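Enquirer: I'd like to ask you about the structure that follows.
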Amino acid sequence: PFLLDFSLWSRHFSLSLSLSSFIFLLLIHQSLLAPIMTGVADLYLYLKKPYSKDRRKRLLAHFYHNHHADEQTRFVVLSWKRTGSNLLCGILHLHPDITMHNELFNPIDIFTYHPSFKCVEKNKPLWTVMTRDLFPVDFLHFVWTGMHADMVTPIKPNSKAVGFKSFPEHWMDVRNEQIWQDHVLEDLRVKKIILRREDELAVFVSMKRADQTGLYMT
């Protein structure tokens with residue numbers, strides 16, 4: 001009886017060990033399986049509707065990523081005023097692997113956490129509001145490099161992602177909506193973080209308070 005019990009225990013132990021090993025290997029390779037499964041799903045969707053522009057771009061994005069594996073992940077925080085975007089961007093800025101900017105396309109100025117991003121020297125700006133609005137595509141390409149204005153030194157040496165925050169009026173006020181549409185919204189390499197505040201009354205009250213006090217960075 002002892003040998004029988006031991007044999008059963010050993011069998012159960014072996015089964016549990018095999019199951020644990022399988023789960024462990026699955027977790028280890030999850031980062032590899034996810035893009036493969038996503039690619040298979042995008043291929044299936046494209047074959048079902050090959051004339052769809054969106055599905056064609058989604059499929060092609062996988063091949064682009066494979067050929068540019070050393071590029072940083074691009075992302076943009078899409079939000080409205082008084083939704084907590086300053087808090088979110090501040091947290092992202094503190095992460096050592098993320099190069100985070102603020103309102104790069106604000107009509108008033110180029111707002112960033114990194115002053116050397118737009119100025120080679122103190123009084124020698126590489127980018128101004130005028131040059132940004134005249135050449136928005138070139139400015140975007142510069143943003144995605146994650147470099148200082150000298151185009152040699154990275155803002156964060158170990159950065160794996162680079163992004164900025166944007167409000168709707170940033171592009172509409174300077175009539176660059178088509179650039180925004182083509183090079184940000186429809187570019188599947190650019191990840192979108194959509195931030196909203198459910199309490200719309202709180203948004204309204206916060207906006208009125210900020211307009212009266214002039215304090216927007218709270």
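Labels used: A, B, ... for chains in the order of the structure tokens, numbers from 1 for residues in each chain, and numbers from 1 for ligands as shown.
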Going by DSSP on the backbone, which residues of range 57-206 of chain A come out as alpha helix (DSSP H)? List them as JSON, numbers by chain.

Expert: {"A": [57, 58, 59, 60, 61, 62, 63, 64, 65, 66, 67, 85, 86, 87, 88, 89, 90, 91, 92, 93, 94, 129, 130, 131, 132, 133, 134, 136, 137, 138, 139, 140, 141, 142, 143, 144, 145, 169, 170, 171, 172, 177, 178, 179, 180, 200, 201, 202, 203, 204, 205, 206]}

Enquirer: Using DSSP on the backbone coordinates, identify the residues of range 65-94 of chain A assigned to strand (DSSP E); present them as a PyMOL selection string.

Expert: chain A and resi 73-78

Enquirer: Save out the residues we just selected, N, CA, C and O atoms, as a compact mmCIF listing (two decimals), in the first residue's frame.

Expert:
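Result file follows (result24.txt):
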```txt
# COMPACT_ATOMS: atom_id res chain seq x y z
N THR A 73 9.44 53.14 -29.35
CA THR A 73 7.99 53.12 -29.51
C THR A 73 7.47 54.55 -29.50
O THR A 73 7.83 55.35 -28.64
N ARG A 74 6.63 54.88 -30.46
CA ARG A 74 6.06 56.22 -30.55
C ARG A 74 4.66 56.21 -29.93
O ARG A 74 3.89 55.27 -30.14
N PHE A 75 4.33 57.26 -29.22
CA PHE A 75 2.99 57.35 -28.65
C PHE A 75 2.58 58.80 -28.46
O PHE A 75 3.43 59.70 -28.44
N VAL A 76 1.29 59.02 -28.37
CA VAL A 76 0.75 60.35 -28.12
C VAL A 76 -0.39 60.23 -27.12
O VAL A 76 -1.18 59.29 -27.18
N VAL A 77 -0.43 61.15 -26.18
CA VAL A 77 -1.51 61.20 -25.19
C VAL A 77 -2.57 62.15 -25.73
O VAL A 77 -2.33 63.35 -25.87
N LEU A 78 -3.74 61.61 -26.05
CA LEU A 78 -4.85 62.41 -26.57
C LEU A 78 -5.82 62.70 -25.43
O LEU A 78 -6.34 61.77 -24.81
```

Enquirer: Taking a cut-off of 12 Å and counting only C-alpha atoms, can you build a table that, for each residue of range 81-181 of chain A near range 199-216 of chain A, reports the nearest atom pair and how far apart they are in Å (one decimal), sorted by chain then residue number, as JSON lines?

Expert:
```
{"residue": "A:Lys81", "atom": "CA", "partner": "A:Met207", "partner_atom": "CA", "distance": 7.5}
{"residue": "A:Arg82", "atom": "CA", "partner": "A:Val203", "partner_atom": "CA", "distance": 5.5}
{"residue": "A:Thr83", "atom": "CA", "partner": "A:Val203", "partner_atom": "CA", "distance": 6.6}
{"residue": "A:Gly84", "atom": "CA", "partner": "A:Val203", "partner_atom": "CA", "distance": 9.5}
{"residue": "A:Ser85", "atom": "CA", "partner": "A:Tyr216", "partner_atom": "CA", "distance": 11.0}
{"residue": "A:Asn86", "atom": "CA", "partner": "A:Tyr216", "partner_atom": "CA", "distance": 9.1}
{"residue": "A:Leu87", "atom": "CA", "partner": "A:Tyr216", "partner_atom": "CA", "distance": 11.6}
```

Enquirer: Output N, CA, C and O atoms for every residue in that selection, as a PDB file, in the first residue's frame.

Expert:
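Below is the file that was written, result28.pdb:
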```pdb
ATOM      1  N   LYS A  81      -8.565  69.414 -21.982  1.00  0.00           N
ATOM      2  CA  LYS A  81      -8.061  70.172 -20.846  1.00  0.00           C
ATOM      3  C   LYS A  81      -8.745  69.741 -19.545  1.00  0.00           C
ATOM      4  O   LYS A  81      -9.916  69.382 -19.542  1.00  0.00           O
ATOM      5  N   ARG A  82      -7.994  69.818 -18.453  1.00  0.00           N
ATOM      6  CA  ARG A  82      -8.479  69.554 -17.095  1.00  0.00           C
ATOM      7  C   ARG A  82      -8.946  68.115 -16.914  1.00  0.00           C
ATOM      8  O   ARG A  82      -9.922  67.827 -16.241  1.00  0.00           O
ATOM      9  N   THR A  83      -8.236  67.186 -17.543  1.00  0.00           N
ATOM     10  CA  THR A  83      -8.576  65.764 -17.398  1.00  0.00           C
ATOM     11  C   THR A  83      -7.526  64.986 -16.608  1.00  0.00           C
ATOM     12  O   THR A  83      -7.628  63.774 -16.465  1.00  0.00           O
ATOM     13  N   GLY A  84      -6.519  65.700 -16.109  1.00  0.00           N
ATOM     14  CA  GLY A  84      -5.443  65.019 -15.385  1.00  0.00           C
ATOM     15  C   GLY A  84      -4.261  64.667 -16.267  1.00  0.00           C
ATOM     16  O   GLY A  84      -3.414  63.864 -15.883  1.00  0.00           O
ATOM     17  N   SER A  85      -4.186  65.303 -17.437  1.00  0.00           N
ATOM     18  CA  SER A  85      -3.116  64.968 -18.376  1.00  0.00           C
ATOM     19  C   SER A  85      -1.743  65.411 -17.870  1.00  0.00           C
ATOM     20  O   SER A  85      -0.729  64.754 -18.150  1.00  0.00           O
ATOM     21  N   ASN A  86      -1.687  66.512 -17.133  1.00  0.00           N
ATOM     22  CA  ASN A  86      -0.393  66.947 -16.584  1.00  0.00           C
ATOM     23  C   ASN A  86       0.162  65.935 -15.598  1.00  0.00           C
ATOM     24  O   ASN A  86       1.370  65.671 -15.565  1.00  0.00           O
ATOM     25  N   LEU A  87      -0.718  65.352 -14.785  1.00  0.00           N
ATOM     26  CA  LEU A  87      -0.286  64.326 -13.828  1.00  0.00           C
ATOM     27  C   LEU A  87       0.225  63.098 -14.567  1.00  0.00           C
ATOM     28  O   LEU A  87       1.300  62.566 -14.243  1.00  0.00           O
TER      29      LEU A  87
END
```

Enquirer: Which residues are close to Asp187 in chain A, i.e. within 12 Å by only C-alpha atoms, leaving aside same-chain residues fewer than 3 positions away? Reply as a PyMOL selection string.

Expert: chain A and resi 53-54+56-58+60-61+64+74-76+179-184+190-192

Enquirer: For Ile91 in chain A, find every residue with an atom within 12 Å (counting only C-alpha atoms), except residues of its own chain fewer than 6 positions away, and show them as an MDAnalysis selection string.

Expert: chainID A and resid 84:85 97:102 113

Enquirer: Just the selected residues (all heavy atoms), exported as a PDB file, in the first residue's frame, please.

Expert:
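Dumped to part_37.pdb:
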```
ATOM      1  N   GLY A  84      -6.519  65.700 -16.109  1.00  0.00           N
ATOM      2  CA  GLY A  84      -5.443  65.019 -15.385  1.00  0.00           C
ATOM      3  C   GLY A  84      -4.261  64.667 -16.267  1.00  0.00           C
ATOM      4  O   GLY A  84      -3.414  63.864 -15.883  1.00  0.00           O
ATOM      5  N   SER A  85      -4.186  65.303 -17.437  1.00  0.00           N
ATOM      6  CA  SER A  85      -3.116  64.968 -18.376  1.00  0.00           C
ATOM      7  C   SER A  85      -1.743  65.411 -17.870  1.00  0.00           C
ATOM      8  O   SER A  85      -0.729  64.754 -18.150  1.00  0.00           O
ATOM      9  CB  SER A  85      -3.392  65.600 -19.745  1.00  0.00           C
ATOM     10  OG  SER A  85      -3.515  67.011 -19.633  1.00  0.00           O
ATOM     11  N   ASP A  97      12.862  54.957 -18.844  1.00  0.00           N
ATOM     12  CA  ASP A  97      12.853  54.391 -20.196  1.00  0.00           C
ATOM     13  C   ASP A  97      11.905  55.124 -21.142  1.00  0.00           C
ATOM     14  O   ASP A  97      11.670  54.663 -22.259  1.00  0.00           O
ATOM     15  CB  ASP A  97      12.460  52.904 -20.154  1.00  0.00           C
ATOM     16  CG  ASP A  97      13.478  52.062 -19.407  1.00  0.00           C
ATOM     17  OD1 ASP A  97      14.632  52.506 -19.298  1.00  0.00           O
ATOM     18  OD2 ASP A  97      13.130  50.969 -18.942  1.00  0.00           O
ATOM     19  N   ILE A  98      11.335  56.245 -20.698  1.00  0.00           N
ATOM     20  CA  ILE A  98      10.369  56.975 -21.520  1.00  0.00           C
ATOM     21  C   ILE A  98      10.812  58.433 -21.685  1.00  0.00           C
ATOM     22  O   ILE A  98      11.056  59.121 -20.704  1.00  0.00           O
ATOM     23  CB  ILE A  98       8.958  56.939 -20.897  1.00  0.00           C
ATOM     24  CG1 ILE A  98       8.457  55.497 -20.792  1.00  0.00           C
ATOM     25  CG2 ILE A  98       7.983  57.769 -21.723  1.00  0.00           C
ATOM     26  CD1 ILE A  98       7.122  55.366 -20.097  1.00  0.00           C
ATOM     27  N   THR A  99      10.921  58.863 -22.931  1.00  0.00           N
ATOM     28  CA  THR A  99      11.187  60.271 -23.230  1.00  0.00           C
ATOM     29  C   THR A  99       9.844  60.947 -23.440  1.00  0.00           C
ATOM     30  O   THR A  99       9.203  60.771 -24.473  1.00  0.00           O
ATOM     31  CB  THR A  99      12.053  60.418 -24.481  1.00  0.00           C
ATOM     32  OG1 THR A  99      13.289  59.719 -24.291  1.00  0.00           O
ATOM     33  CG2 THR A  99      12.342  61.884 -24.763  1.00  0.00           C
ATOM     34  N   MET A 100       9.408  61.716 -22.451  1.00  0.00           N
ATOM     35  CA  MET A 100       8.078  62.319 -22.488  1.00  0.00           C
ATOM     36  C   MET A 100       8.184  63.821 -22.672  1.00  0.00           C
ATOM     37  O   MET A 100       8.949  64.495 -21.979  1.00  0.00           O
ATOM     38  CB  MET A 100       7.326  62.008 -21.187  1.00  0.00           C
ATOM     39  CG  MET A 100       5.890  62.502 -21.178  1.00  0.00           C
ATOM     40  SD  MET A 100       4.907  61.609 -22.374  1.00  0.00           S
ATOM     41  CE  MET A 100       3.562  62.747 -22.663  1.00  0.00           C
ATOM     42  N   HIS A 101       7.416  64.338 -23.621  1.00  0.00           N
ATOM     43  CA  HIS A 101       7.289  65.771 -23.817  1.00  0.00           C
ATOM     44  C   HIS A 101       5.884  66.193 -23.378  1.00  0.00           C
ATOM     45  O   HIS A 101       5.010  65.358 -23.148  1.00  0.00           O
ATOM     46  CB  HIS A 101       7.504  66.145 -25.275  1.00  0.00           C
ATOM     47  CG  HIS A 101       8.855  65.785 -25.802  1.00  0.00           C
ATOM     48  ND1 HIS A 101       9.998  66.489 -25.481  1.00  0.00           N
ATOM     49  CD2 HIS A 101       9.256  64.775 -26.618  1.00  0.00           C
ATOM     50  CE1 HIS A 101      11.035  65.948 -26.088  1.00  0.00           C
ATOM     51  NE2 HIS A 101      10.616  64.905 -26.784  1.00  0.00           N
ATOM     52  N   ASN A 102       5.682  67.506 -23.324  1.00  0.00           N
ATOM     53  CA  ASN A 102       4.359  68.002 -22.962  1.00  0.00           C
ATOM     54  C   ASN A 102       3.621  68.428 -24.243  1.00  0.00           C
ATOM     55  O   ASN A 102       3.592  67.694 -25.207  1.00  0.00           O
ATOM     56  CB  ASN A 102       4.469  69.144 -21.951  1.00  0.00           C
ATOM     57  CG  ASN A 102       3.259  69.234 -21.038  1.00  0.00           C
ATOM     58  OD1 ASN A 102       2.182  69.603 -21.476  1.00  0.00           O
ATOM     59  ND2 ASN A 102       3.424  68.902 -19.775  1.00  0.00           N
ATOM     60  N   TYR A 113       9.528  68.928 -21.272  1.00  0.00           N
ATOM     61  CA  TYR A 113      10.266  68.793 -20.012  1.00  0.00           C
ATOM     62  C   TYR A 113      11.770  68.914 -20.247  1.00  0.00           C
ATOM     63  O   TYR A 113      12.545  68.946 -19.289  1.00  0.00           O
ATOM     64  CB  TYR A 113       9.977  67.435 -19.371  1.00  0.00           C
ATOM     65  CG  TYR A 113       8.522  67.232 -18.997  1.00  0.00           C
ATOM     66  CD1 TYR A 113       7.684  66.447 -19.774  1.00  0.00           C
ATOM     67  CD2 TYR A 113       7.999  67.827 -17.849  1.00  0.00           C
ATOM     68  CE1 TYR A 113       6.355  66.249 -19.428  1.00  0.00           C
ATOM     69  CE2 TYR A 113       6.674  67.636 -17.494  1.00  0.00           C
ATOM     70  CZ  TYR A 113       5.856  66.849 -18.289  1.00  0.00           C
ATOM     71  OH  TYR A 113       4.537  66.660 -17.939  1.00  0.00           O
TER      72      TYR A 113
END
```

Enquirer: Any idea what's packed within 12 Å of Ser159 in chain A, counting only C-alpha atoms, ignoring anything in its chain fewer than 5 positions away? Could you give it as a ChimeraX atom specification?

Expert: /A:70-74,92-100,144-147,153-154

Enquirer: Could you list, as a count of residues only, every residue within 12 Å of Thr131 in chain A, counting only C-alpha atoms and ignoring same-chain residues fewer than 4 positions away?

Expert: 14

Enquirer: For Asn106 in chain A, which of A:Trp80, A:Phe167, A:Phe142, A:Tyr44 is the closest residue, counting only C-alpha atoms?

Expert: A:Phe167
